[in-house]
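Participant: Please find data01.cif (mmCIF, C-alpha atoms) on the next line:
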```cif
data_my_file
loop_
_atom_site.group_PDB
_atom_site.id
_atom_site.type_symbol
_atom_site.label_atom_id
_atom_site.label_comp_id
_atom_site.auth_asym_id
_atom_site.auth_seq_id
_atom_site.Cartn_x
_atom_site.Cartn_y
_atom_site.Cartn_z
ATOM 1 C CA MET A 1 10.192 -7.704 13.972
ATOM 2 C CA ARG A 2 6.992 -6.722 12.209
ATOM 3 C CA LYS A 3 3.995 -6.234 14.532
ATOM 4 C CA ALA A 4 0.393 -5.389 13.647
ATOM 5 C CA LEU A 5 -2.605 -4.657 15.857
ATOM 6 C CA ILE A 6 -5.862 -5.087 13.937
ATOM 7 C CA VAL A 7 -9.095 -3.868 15.550
ATOM 8 C CA GLY A 8 -12.639 -4.253 14.215
ATOM 9 C CA LEU A 9 -15.603 -3.277 16.400
ATOM 10 C CA ASN A 10 -19.259 -4.007 15.606
ATOM 11 C CA ASP A 11 -20.942 -4.345 18.995
ATOM 12 C CA TYR A 12 -21.731 -0.734 19.900
ATOM 13 C CA PRO A 13 -24.765 -0.823 22.248
ATOM 14 C CA THR A 14 -26.846 1.917 20.603
ATOM 15 C CA ALA A 15 -25.156 2.216 17.222
ATOM 16 C CA PRO A 16 -24.034 -1.220 16.020
ATOM 17 C CA LEU A 17 -21.949 -1.680 12.906
ATOM 18 C CA TYR A 18 -21.967 -4.745 10.660
ATOM 19 C CA GLY A 19 -18.834 -4.942 8.547
ATOM 20 C CA CYS A 20 -15.976 -3.901 10.811
ATOM 21 C CA VAL A 21 -15.174 -7.359 12.198
ATOM 22 C CA ASN A 22 -15.100 -8.952 8.754
ATOM 23 C CA ASP A 23 -12.923 -6.104 7.496
ATOM 24 C CA ALA A 24 -10.493 -6.524 10.385
ATOM 25 C CA LEU A 25 -10.259 -10.299 9.955
ATOM 26 C CA SER A 26 -9.657 -9.896 6.216
ATOM 27 C CA ILE A 27 -6.892 -7.364 6.840
ATOM 28 C CA ALA A 28 -5.327 -9.626 9.489
ATOM 29 C CA THR A 29 -5.339 -12.556 7.072
ATOM 30 C CA VAL A 30 -3.764 -10.681 4.179
ATOM 31 C CA LEU A 31 -1.103 -8.988 6.334
ATOM 32 C CA GLY A 32 -0.158 -12.189 8.136
ATOM 33 C CA LYS A 33 1.594 -13.675 5.113
ATOM 34 C CA ASN A 34 3.222 -12.515 1.907
ATOM 35 C CA GLY A 35 1.976 -13.646 -1.474
ATOM 36 C CA ASP A 36 4.311 -16.646 -1.478
ATOM 37 C CA GLY A 37 3.075 -17.791 1.942
ATOM 38 C CA SER A 38 6.123 -16.604 3.878
ATOM 39 C CA PRO A 39 5.531 -14.912 7.271
ATOM 40 C CA ASN A 40 4.894 -11.167 7.194
ATOM 41 C CA PHE A 41 3.391 -9.372 10.214
ATOM 42 C CA SER A 42 2.910 -10.951 13.620
ATOM 43 C CA VAL A 43 -0.754 -10.025 13.996
ATOM 44 C CA LYS A 44 -2.882 -9.477 17.092
ATOM 45 C CA THR A 45 -6.616 -9.007 16.510
ATOM 46 C CA ILE A 46 -9.302 -7.414 18.667
ATOM 47 C CA THR A 47 -12.828 -7.849 17.335
ATOM 48 C CA ASN A 48 -16.484 -7.250 18.206
ATOM 49 C CA SER A 49 -15.999 -5.240 21.422
ATOM 50 C CA VAL A 50 -13.282 -3.775 23.610
ATOM 51 C CA ASN A 51 -13.083 -1.332 26.488
ATOM 52 C CA LYS A 52 -10.866 1.727 26.548
ATOM 53 C CA ALA A 53 -8.364 0.344 29.048
ATOM 54 C CA THR A 54 -7.760 -2.883 27.107
ATOM 55 C CA LEU A 55 -7.396 -1.128 23.771
ATOM 56 C CA ARG A 56 -5.097 1.534 25.215
ATOM 57 C CA GLU A 57 -2.880 -1.180 26.726
ATOM 58 C CA SER A 58 -2.727 -3.033 23.399
ATOM 59 C CA ILE A 59 -1.797 0.136 21.517
ATOM 60 C CA GLU A 60 0.945 0.943 24.032
ATOM 61 C CA LYS A 61 2.384 -2.575 23.664
ATOM 62 C CA LEU A 62 2.224 -2.302 19.881
ATOM 63 C CA PHE A 63 4.449 0.770 19.803
ATOM 64 C CA ASP A 64 6.804 -0.502 22.508
ATOM 65 C CA GLY A 65 10.168 -1.952 21.521
ATOM 66 C CA ASP A 66 12.720 -1.634 18.722
ATOM 67 C CA ASN A 67 10.611 -3.131 15.964
ATOM 68 C CA ASP A 68 11.287 -2.892 12.247
ATOM 69 C CA ILE A 69 7.720 -1.812 11.579
ATOM 70 C CA THR A 70 4.527 -1.520 13.611
ATOM 71 C CA LEU A 71 1.075 -1.191 12.048
ATOM 72 C CA PHE A 72 -2.209 -0.204 13.691
ATOM 73 C CA TYR A 73 -5.506 -0.734 11.834
ATOM 74 C CA PHE A 74 -8.856 0.327 13.259
ATOM 75 C CA SER A 75 -12.350 -0.173 11.852
ATOM 76 C CA GLY A 76 -15.263 1.126 13.893
ATOM 77 C CA HIS A 77 -16.874 4.391 14.906
ATOM 78 C CA GLY A 78 -14.906 7.622 14.821
ATOM 79 C CA LEU A 79 -15.827 10.916 16.464
ATOM 80 C CA ILE A 80 -14.736 14.532 16.096
ATOM 81 C CA LYS A 81 -15.098 17.006 18.982
ATOM 82 C CA SER A 82 -13.710 20.397 19.908
ATOM 83 C CA THR A 83 -10.903 18.511 21.652
ATOM 84 C CA GLY A 84 -9.964 16.556 18.518
ATOM 85 C CA GLY A 85 -10.670 13.164 16.956
ATOM 86 C CA TYR A 86 -11.405 9.909 18.790
ATOM 87 C CA ILE A 87 -11.681 6.234 17.937
ATOM 88 C CA VAL A 88 -14.780 5.045 19.765
ATOM 89 C CA THR A 89 -14.692 1.940 21.968
ATOM 90 C CA THR A 90 -17.738 -0.176 22.728
ATOM 91 C CA ASP A 91 -17.854 0.933 26.388
ATOM 92 C CA TYR A 92 -18.294 4.569 25.322
ATOM 93 C CA SER A 93 -20.227 7.041 27.430
ATOM 94 C CA ARG A 94 -20.960 10.726 27.063
ATOM 95 C CA TYR A 95 -17.766 12.789 27.422
ATOM 96 C CA ASP A 96 -15.744 9.569 27.507
ATOM 97 C CA GLU A 97 -16.291 8.071 24.073
ATOM 98 C CA GLY A 98 -12.977 6.381 23.434
ATOM 99 C CA ILE A 99 -9.270 6.948 22.846
ATOM 100 C CA SER A 100 -8.003 10.268 21.574
ATOM 101 C CA MET A 101 -6.294 10.198 18.180
ATOM 102 C CA ASP A 102 -3.812 12.695 19.630
ATOM 103 C CA GLU A 103 -2.913 10.185 22.363
ATOM 104 C CA ILE A 104 -2.266 7.464 19.774
ATOM 105 C CA LEU A 105 -0.232 9.942 17.722
ATOM 106 C CA ASN A 106 1.896 10.707 20.775
ATOM 107 C CA LEU A 107 2.576 6.994 21.352
ATOM 108 C CA ALA A 108 3.529 6.523 17.690
ATOM 109 C CA ASN A 109 5.761 9.593 17.663
ATOM 110 C CA ARG A 110 7.611 8.371 20.755
ATOM 111 C CA SER A 111 7.959 4.802 19.499
ATOM 112 C CA LYS A 112 11.447 3.430 18.775
ATOM 113 C CA ALA A 113 10.118 1.347 15.887
ATOM 114 C CA ARG A 114 11.865 2.218 12.639
ATOM 115 C CA ASP A 115 8.578 2.542 10.750
ATOM 116 C CA LYS A 116 5.081 3.189 12.071
ATOM 117 C CA VAL A 117 1.905 2.898 10.001
ATOM 118 C CA ILE A 118 -1.569 3.971 11.169
ATOM 119 C CA ILE A 119 -4.594 2.952 9.062
ATOM 120 C CA LEU A 120 -8.036 4.121 10.169
ATOM 121 C CA ASP A 121 -11.359 3.203 8.560
ATOM 122 C CA CYS A 122 -13.757 5.296 10.599
ATOM 123 C CA CYS A 123 -15.664 8.551 10.314
ATOM 124 C CA HIS A 124 -13.580 11.729 10.739
ATOM 125 C CA SER A 125 -10.378 9.679 10.604
ATOM 126 C CA GLY A 126 -8.597 12.411 8.651
ATOM 127 C CA ALA A 127 -8.151 14.271 11.940
ATOM 128 C CA PHE A 128 -5.409 11.801 12.893
ATOM 129 C CA GLY A 129 -1.920 13.256 12.809
ATOM 130 C CA SER A 130 -3.068 16.871 13.076
ATOM 131 C CA PRO A 131 -3.446 17.557 16.810
ATOM 132 C CA ALA A 132 -6.237 19.674 18.235
ATOM 133 C CA LEU A 133 -3.593 21.976 19.763
ATOM 134 C CA SER A 134 -2.753 23.147 16.244
ATOM 135 C CA GLU A 135 -6.483 23.435 15.457
ATOM 136 C CA GLY A 136 -6.009 20.486 13.088
ATOM 137 C CA LYS A 137 -4.103 22.648 10.608
ATOM 138 C CA LEU A 138 -0.621 21.204 11.065
ATOM 139 C CA ALA A 139 0.475 17.582 10.837
ATOM 140 C CA GLN A 140 2.995 16.515 13.491
ATOM 141 C CA LEU A 141 4.550 13.241 12.383
ATOM 142 C CA CYS A 142 7.890 11.899 13.555
ATOM 143 C CA ASP A 143 10.396 10.400 11.143
ATOM 144 C CA GLY A 144 9.137 7.042 9.879
ATOM 145 C CA LEU A 145 5.434 7.634 10.602
ATOM 146 C CA THR A 146 2.773 7.185 7.925
ATOM 147 C CA VAL A 147 -0.977 7.758 8.315
ATOM 148 C CA LEU A 148 -3.617 6.477 5.898
ATOM 149 C CA THR A 149 -7.256 7.258 6.642
ATOM 150 C CA ALA A 150 -10.572 6.497 5.011
ATOM 151 C CA SER A 151 -11.886 10.045 4.941
ATOM 152 C CA LYS A 152 -11.251 13.680 5.744
ATOM 153 C CA SER A 153 -11.769 14.953 9.279
ATOM 154 C CA SER A 154 -15.139 16.347 8.218
ATOM 155 C CA GLU A 155 -16.368 13.234 6.384
ATOM 156 C CA SER A 156 -18.065 9.964 7.220
ATOM 157 C CA ALA A 157 -16.654 6.613 6.129
ATOM 158 C CA ILE A 158 -19.062 4.733 3.884
ATOM 159 C CA GLU A 159 -20.003 1.080 4.361
ATOM 160 C CA VAL A 160 -21.572 -0.866 1.474
ATOM 161 C CA ASN A 161 -22.763 -4.486 1.510
ATOM 162 C CA GLY A 162 -21.267 -5.139 4.928
ATOM 163 C CA SER A 163 -17.804 -3.775 4.202
ATOM 164 C CA GLY A 164 -16.169 -0.371 4.296
ATOM 165 C CA ILE A 165 -15.430 1.001 0.822
ATOM 166 C CA PHE A 166 -11.987 2.079 1.992
ATOM 167 C CA THR A 167 -11.048 -1.312 3.455
ATOM 168 C CA SER A 168 -12.356 -3.178 0.399
ATOM 169 C CA LEU A 169 -9.955 -1.171 -1.743
ATOM 170 C CA LEU A 170 -7.205 -1.568 0.853
ATOM 171 C CA ILE A 171 -7.516 -5.350 0.687
ATOM 172 C CA ASP A 172 -7.429 -5.300 -3.124
ATOM 173 C CA ALA A 173 -4.309 -3.152 -2.977
ATOM 174 C CA LEU A 174 -2.573 -5.452 -0.474
ATOM 175 C CA GLN A 175 -3.459 -8.548 -2.485
ATOM 176 C CA GLY A 176 -1.446 -7.208 -5.400
ATOM 177 C CA GLY A 177 -3.328 -4.295 -6.939
ATOM 178 C CA ALA A 178 -0.769 -1.826 -5.569
ATOM 179 C CA ALA A 179 2.350 -3.929 -6.204
ATOM 180 C CA ASP A 180 5.279 -2.591 -8.195
ATOM 181 C CA LEU A 181 7.106 -4.723 -10.748
ATOM 182 C CA ARG A 182 9.200 -6.300 -7.995
ATOM 183 C CA GLY A 183 6.074 -7.308 -6.079
ATOM 184 C CA ASN A 184 6.524 -4.730 -3.301
ATOM 185 C CA ILE A 185 3.437 -3.047 -1.838
ATOM 186 C CA THR A 186 4.079 0.147 0.123
ATOM 187 C CA SER A 187 1.821 2.586 1.951
ATOM 188 C CA SER A 188 2.281 5.122 -0.852
ATOM 189 C CA SER A 189 1.292 2.654 -3.577
ATOM 190 C CA VAL A 190 -1.726 1.596 -1.488
ATOM 191 C CA TYR A 191 -2.842 5.220 -1.188
ATOM 192 C CA SER A 192 -2.360 5.791 -4.920
ATOM 193 C CA TYR A 193 -4.472 2.709 -5.686
ATOM 194 C CA ILE A 194 -7.294 3.794 -3.362
ATOM 195 C CA ASP A 195 -7.124 7.423 -4.487
ATOM 196 C CA GLU A 196 -7.584 6.483 -8.136
ATOM 197 C CA ALA A 197 -10.533 4.208 -7.329
ATOM 198 C CA LEU A 198 -12.544 6.782 -5.380
ATOM 199 C CA GLY A 199 -14.212 9.548 -7.366
ATOM 200 C CA ALA A 200 -14.182 13.264 -6.637
ATOM 201 C CA TRP A 201 -17.689 13.116 -5.127
ATOM 202 C CA GLU A 202 -17.049 10.218 -2.772
ATOM 203 C CA GLN A 203 -15.211 10.125 0.544
ATOM 204 C CA ARG A 204 -11.611 11.181 0.078
ATOM 205 C CA PRO A 205 -8.808 9.156 1.676
ATOM 206 C CA ILE A 206 -6.036 11.069 3.428
ATOM 207 C CA PHE A 207 -2.322 10.254 3.289
ATOM 208 C CA LYS A 208 0.199 11.851 5.656
ATOM 209 C CA THR A 209 3.789 10.736 5.912
ATOM 210 C CA ASN A 210 7.246 11.719 7.087
ATOM 211 C CA VAL A 211 9.598 9.091 5.716
ATOM 212 C CA SER A 212 12.855 8.930 3.794
ATOM 213 C CA ARG A 213 12.061 5.441 2.466
ATOM 214 C CA PHE A 214 8.998 3.249 2.019
ATOM 215 C CA THR A 215 9.129 -0.116 3.757
ATOM 216 C CA PRO A 216 6.959 -2.751 2.020
ATOM 217 C CA LEU A 217 3.769 -3.634 3.860
ATOM 218 C CA ARG A 218 3.566 -6.880 1.913
ATOM 219 C CA ARG A 219 5.228 -8.680 -0.975
ATOM 220 C CA VAL A 220 3.558 -10.640 -3.770
ATOM 221 C CA GLU A 221 4.873 -12.518 -6.761
ATOM 222 C CA PRO A 222 6.231 -9.975 -9.275
ATOM 223 C CA ARG A 223 4.430 -9.635 -12.601
ATOM 224 C CA ILE A 224 7.724 -10.353 -14.326
ATOM 225 C CA PRO A 225 10.156 -12.800 -12.675
ATOM 226 C CA LEU A 226 13.099 -10.889 -11.225
ATOM 227 C CA VAL A 227 15.552 -13.074 -13.141
ATOM 228 C CA THR A 228 13.890 -11.792 -16.331
ATOM 229 C CA LEU A 229 13.595 -8.211 -15.127
ATOM 230 C CA ARG A 230 17.344 -8.068 -14.435
ATOM 231 C CA LYS A 231 18.037 -8.786 -18.122
ATOM 232 C CA ILE A 232 16.861 -5.273 -19.010
ATOM 233 C CA HIS A 233 20.414 -4.209 -18.218
ATOM 234 C CA GLU A 234 21.813 -6.865 -20.565
ATOM 235 C CA TYR A 235 19.643 -5.886 -23.509
ATOM 236 C CA PHE A 236 20.234 -2.132 -23.180
ATOM 237 C CA VAL A 237 23.918 -1.389 -22.582
ATOM 238 C CA SER A 238 23.013 2.227 -21.827
ATOM 239 C CA PRO A 239 19.582 3.729 -21.074
ATOM 240 C CA GLU A 240 19.704 5.889 -24.212
ATOM 241 C CA GLU A 241 20.587 3.019 -26.538
ATOM 242 C CA GLU A 242 17.902 1.499 -28.797
ATOM 243 C CA TYR A 243 17.756 -2.259 -29.264
ATOM 244 C CA GLN A 244 17.965 -3.311 -32.908
ATOM 245 C CA LEU A 245 15.414 -5.892 -34.085
ATOM 246 C CA ASP A 246 15.044 -7.902 -37.283
ATOM 247 C CA PRO A 247 12.747 -10.687 -38.590
ATOM 248 C CA SER A 248 14.848 -13.415 -36.946
ATOM 249 C CA TYR A 249 13.406 -12.303 -33.563
ATOM 250 C CA GLU A 250 9.878 -13.324 -34.622
ATOM 251 C CA PHE A 251 9.197 -17.055 -34.141
ATOM 252 C CA THR A 252 6.803 -17.254 -37.118
ATOM 253 C CA GLU A 253 9.500 -16.199 -39.586
ATOM 254 C CA PRO A 254 11.604 -18.764 -41.517
ATOM 255 C CA SER A 255 14.745 -16.961 -40.346
ATOM 256 C CA ALA A 256 13.756 -17.225 -36.650
ATOM 257 C CA ASP A 257 16.698 -17.653 -34.295
ATOM 258 C CA GLU A 258 15.917 -19.515 -31.073
ATOM 259 C CA GLU A 259 18.092 -17.297 -28.861
ATOM 260 C CA LYS A 260 16.727 -14.099 -30.386
ATOM 261 C CA VAL A 261 13.141 -15.358 -30.091
ATOM 262 C CA GLU A 262 13.667 -15.826 -26.355
ATOM 263 C CA ILE A 263 15.020 -12.267 -26.059
ATOM 264 C CA PHE A 264 12.056 -10.971 -28.042
ATOM 265 C CA LYS A 265 9.615 -12.687 -25.686
ATOM 266 C CA ASN A 266 11.253 -10.928 -22.750
ATOM 267 C CA LEU A 267 11.201 -7.587 -24.545
ATOM 268 C CA GLN A 268 7.484 -8.066 -25.200
ATOM 269 C CA LYS A 269 6.985 -8.702 -21.471
ATOM 270 C CA PHE A 270 8.740 -5.406 -20.807
ATOM 271 C CA VAL A 271 6.403 -3.713 -23.269
ATOM 272 C CA SER A 272 3.357 -5.151 -21.467
ATOM 273 C CA VAL A 273 4.331 -3.383 -18.217
ATOM 274 C CA GLY A 274 5.467 -0.117 -19.757
ATOM 275 C CA LEU A 275 9.245 -0.531 -19.604
ATOM 276 C CA VAL A 276 9.918 -0.680 -23.339
ATOM 277 C CA VAL A 277 8.226 0.703 -26.483
ATOM 278 C CA PRO A 278 8.824 0.012 -30.192
ATOM 279 C CA VAL A 279 10.297 2.862 -32.235
ATOM 280 C CA GLY A 280 8.546 3.796 -35.463
ATOM 281 C CA GLU A 281 5.933 1.045 -35.193
ATOM 282 C CA GLU A 282 2.811 0.569 -33.105
ATOM 283 C CA HIS A 283 3.535 -3.071 -32.221
ATOM 284 C CA MET A 284 6.711 -5.015 -31.489
ATOM 285 C CA TYR A 285 5.823 -7.594 -34.152
ATOM 286 C CA PHE A 286 6.091 -5.014 -36.914
ATOM 287 C CA ALA A 287 9.210 -3.525 -35.329
ATOM 288 C CA ALA A 288 10.868 -6.929 -35.762
ATOM 289 C CA ILE A 289 9.475 -7.647 -39.236
ATOM 290 C CA ASN A 290 10.530 -4.212 -40.491
ATOM 291 C CA SER A 291 13.920 -4.268 -38.717
ATOM 292 C CA LYS A 292 13.125 -1.323 -36.458
ATOM 293 C CA THR A 293 14.238 -0.756 -32.874
ATOM 294 C CA CYS A 294 12.771 -0.517 -29.385
ATOM 295 C CA ARG A 295 13.790 1.719 -26.488
ATOM 296 C CA LEU A 296 13.370 2.168 -22.747
ATOM 297 C CA THR A 297 10.585 4.322 -21.356
ATOM 298 C CA ALA A 298 11.143 6.639 -18.383
ATOM 299 C CA LEU A 299 9.903 3.832 -16.129
ATOM 300 C CA GLY A 300 12.133 1.409 -17.985
ATOM 301 C CA TYR A 301 15.127 3.608 -17.220
ATOM 302 C CA GLN A 302 14.331 3.437 -13.494
ATOM 303 C CA TYR A 303 14.376 -0.361 -13.542
ATOM 304 C CA TRP A 304 17.465 -0.361 -15.768
ATOM 305 C CA ARG A 305 19.182 1.739 -13.103
ATOM 306 C CA LEU A 306 18.060 -0.622 -10.335
ATOM 307 C CA ALA A 307 19.433 -3.576 -12.301
ATOM 308 C CA GLU A 308 22.726 -1.783 -12.913
ATOM 309 C CA GLU A 309 23.065 -0.997 -9.189
ATOM 310 C CA GLY A 310 22.289 -4.589 -8.209
ATOM 311 C CA LYS A 311 19.035 -3.669 -6.467
ATOM 312 C CA LEU A 312 16.793 -6.117 -8.306
#
```
Go ahead and render the structure in this file as structure tokens.
Facilitator:
Amino acid sequence: MRKALIVGLNDYPTAPLYGCVNDALSIATVLGKNGDGSPNFSVKTITNSVNKATLRESIEKLFDGDNDITLFYFSGHGLIKSTGGYIVTTDYSRYDEGISMDEILNLANRSKARDKVIILDCCHSGAFGSPALSEGKLAQLCDGLTVLTASKSSESAIEVNGSGIFTSLLIDALQGGAADLRGNITSSSVYSYIDEALGAWEQRPIFKTNVSRFTPLRRVEPRIPLVTLRKIHEYFVSPEEEYQLDPSYEFTEPSADEEKVEIFKNLQKFVSVGLVVPVGEEHMYFAAINSKTCRLTALGYQYWRLAEEGKL
């Protein structure tokens, strides 16, 4: 089973926020289904306001059970104190502001779920995963736990036009911006997407993980159909071999061969996503016209290997 708890809190009595509920609902919508409409996460949402007891109960239930993957997303106020980081609930009071990040970390570390993902869009969220007992200097993540936060422990999380910058990028990533050629979106590819989008002077997202594999958070339609992608192993018998071209591969030539033209179209698709490059020419058209070759790139070799091993 794939379970997700999505929390977005706006209704803080003395310090209201304005974009957290919309962010949470958007995340819930995109995680609920894959790109083809098939079911993805079973999502529970908590929005606007929540007290500490209710949220703590929901978090405990999230991490309970032998699930394939559990995901916790929080958008709201975050707080850092001498005792560590906290996600702030709307019934906060002085010295009792919310739920300790260390407490949530303990629940995640003890969970029997195969994979656990924590995503926090709040100020000082980078404190998560590094307990106060270690003075925040050491991350303590169990096997299968991944943490993705909007900012460092010392930073605020920025909101622009009613939406958190971090969550806006997160949604773009989950909608396909962070997908690999097979259409898989993982926590690592999401972080890479967000990291590249945020400049050196803006808030810096934090990524902490202890995994031996990355389980997809969502799947979208691949940029190249898998039936086409698998043919990379047919065209290149070995990864070092170059594929010989000639004018009959180009449909505009009098000598065009229908079967070769179809292969050439697929090779050009591979070029467009960085799997193949022409040798001795800048463009594939001239490689064909001048009877040159094309070869696999380093990335192309990785997908060639996946095709050979039957993993595509």
Participant: So that I can see what lies close to Ile27 in chain A, please list as a ChimeraX atom specification the residues with an atom at most 9 Å from it, counting all atoms listed in the file and leaving out residues fewer than 2 positions away in the same chain.
Facilitator: /A:6,22-25,29-32,73,167,170-171,174
Participant: Hey, what comes out of the PyMOL selection byres ((chain A and resi 53-60) around 8) on this file? Could you write it as a list in words?
Facilitator: Leu5, Val50, Asn51, Lys52, Lys61, Leu62, Phe63, Asp64, Phe72, Ile99, Ile104 and Leu107 of chain A
Participant: Would you compute the distance between CA of Tyr285 in chain A and CA of Ala256 in chain A? Give it in Å to one decimal.
Facilitator: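 One can read the CA of Tyr285 in chain A to CA of Ala256 in chain A distance as 12.7 Å.
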Participant: Might you spell out which residues the PyMOL selection byres ((chain A and resi 184) around 9) would select in the displayed file, as a PDB file with C-alpha atoms, in the frame of the given file?
Facilitator:
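Now in result26.pdb:
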```pdb
ATOM      1  CA  GLY A 176      -1.446  -7.208  -5.400  1.00  0.00           C
ATOM      2  CA  ALA A 178      -0.769  -1.826  -5.569  1.00  0.00           C
ATOM      3  CA  ALA A 179       2.350  -3.929  -6.204  1.00  0.00           C
ATOM      4  CA  ASP A 180       5.279  -2.591  -8.195  1.00  0.00           C
ATOM      5  CA  LEU A 181       7.106  -4.723 -10.748  1.00  0.00           C
ATOM      6  CA  ARG A 182       9.200  -6.300  -7.995  1.00  0.00           C
ATOM      7  CA  GLY A 183       6.074  -7.308  -6.079  1.00  0.00           C
ATOM      8  CA  ILE A 185       3.437  -3.047  -1.838  1.00  0.00           C
ATOM      9  CA  THR A 186       4.079   0.147   0.123  1.00  0.00           C
ATOM     10  CA  THR A 215       9.129  -0.116   3.757  1.00  0.00           C
ATOM     11  CA  PRO A 216       6.959  -2.751   2.020  1.00  0.00           C
ATOM     12  CA  LEU A 217       3.769  -3.634   3.860  1.00  0.00           C
ATOM     13  CA  ARG A 218       3.566  -6.880   1.913  1.00  0.00           C
ATOM     14  CA  ARG A 219       5.228  -8.680  -0.975  1.00  0.00           C
ATOM     15  CA  VAL A 220       3.558 -10.640  -3.770  1.00  0.00           C
ATOM     16  CA  GLU A 221       4.873 -12.518  -6.761  1.00  0.00           C
ATOM     17  CA  PRO A 222       6.231  -9.975  -9.275  1.00  0.00           C
TER      18      PRO A 222
END
```
Participant: When distances are computed from only C-alpha atoms, which of A:Asn109, A:Asp102, A:Arg2, A:Leu9 shows the smallest separation from Val43 in chain A?
Facilitator: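 The answer is A:Arg2, which sits nearest to Val43 in chain A.
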Participant: Convert the output of the PyMOL selection byres ((chain A and resi 224) around 10) on the shown file into explicit residues, formatted as a CSV table (one decimal) with C-alpha atoms, keeping the file's coordinate frame.
Facilitator:
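Saved file out11.csv follows:
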```
chain,number,residue,atom,x,y,z
A,181,LEU,CA,7.1,-4.7,-10.7
A,182,ARG,CA,9.2,-6.3,-8.0
A,183,GLY,CA,6.1,-7.3,-6.1
A,221,GLU,CA,4.9,-12.5,-6.8
A,222,PRO,CA,6.2,-10.0,-9.3
A,223,ARG,CA,4.4,-9.6,-12.6
A,225,PRO,CA,10.2,-12.8,-12.7
A,226,LEU,CA,13.1,-10.9,-11.2
A,227,VAL,CA,15.6,-13.1,-13.1
A,228,THR,CA,13.9,-11.8,-16.3
A,229,LEU,CA,13.6,-8.2,-15.1
A,230,ARG,CA,17.3,-8.1,-14.4
A,266,ASN,CA,11.3,-10.9,-22.8
A,269,LYS,CA,7.0,-8.7,-21.5
A,270,PHE,CA,8.7,-5.4,-20.8
A,272,SER,CA,3.4,-5.2,-21.5
A,273,VAL,CA,4.3,-3.4,-18.2
```
Participant: Just how far from CA of Lys33 in chain A is CA of Gln175 in chain A, in Å to one decimal?
Facilitator: 10.5 Å
Participant: Residues within 9 Å of Ala113 in chain A, please, as a list in words. Count all atoms listed in the file; anything in the same chain fewer than 4 positions from it doesn't count.
Facilitator: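 The neighbour list is Phe63, Asp64, Gly65, Asp66, Asn67, Asp68, Ile69, Thr70, Ala108 and Gly144 of chain A.
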Participant: With distances taken over all atoms listed in the file, which residue among A:Phe74, A:Cys294, A:Ser49, A:Ala307 lies nearest Ala28 in chain A?
Facilitator: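 For Ala28 in chain A, the nearest of the given residues is A:Phe74.
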Participant: Would you please work out which residue, of A:Ser26, A:Ser255, A:Ser188, A:Thr45, is nearest to Lys3 in chain A when using only C-alpha atoms?
Facilitator: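 Among the listed residues, A:Thr45 lies closest to Lys3 in chain A.
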Participant: Point out the residue among A:Ile165, A:Val7, A:Val88, A:Met284 with the least atom-to-atom distance to Leu198 in chain A, counting all atoms listed in the file.
Facilitator: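 The closest residue to Leu198 in chain A is A:Ile165.
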Participant: CA of Arg204 in chain A and CA of Asp115 in chain A are how many Å apart?
Facilitator: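 Interatomic distance, CA of Arg204 in chain A to CA of Asp115 in chain A: 24.4 Å.
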Participant: Considering all atoms listed in the file, state which residue in the set A:Asn48, A:Cys123, A:Ala298, A:Thr252 is at the smallest distance from Pro13 in chain A.
Facilitator: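 Of A:Asn48, A:Cys123, A:Ala298, A:Thr252, the one nearest Pro13 in chain A, counting all atoms listed in the file, is A:Asn48.
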Participant: With distances taken over all atoms listed in the file, which residue among A:Ala127, A:Val21, A:Ile118, A:Val271 lies nearest Ser75 in chain A?
Facilitator: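 Ranking A:Ala127, A:Val21, A:Ile118, A:Val271 by distance to Ser75 in chain A, first place goes to A:Val21.
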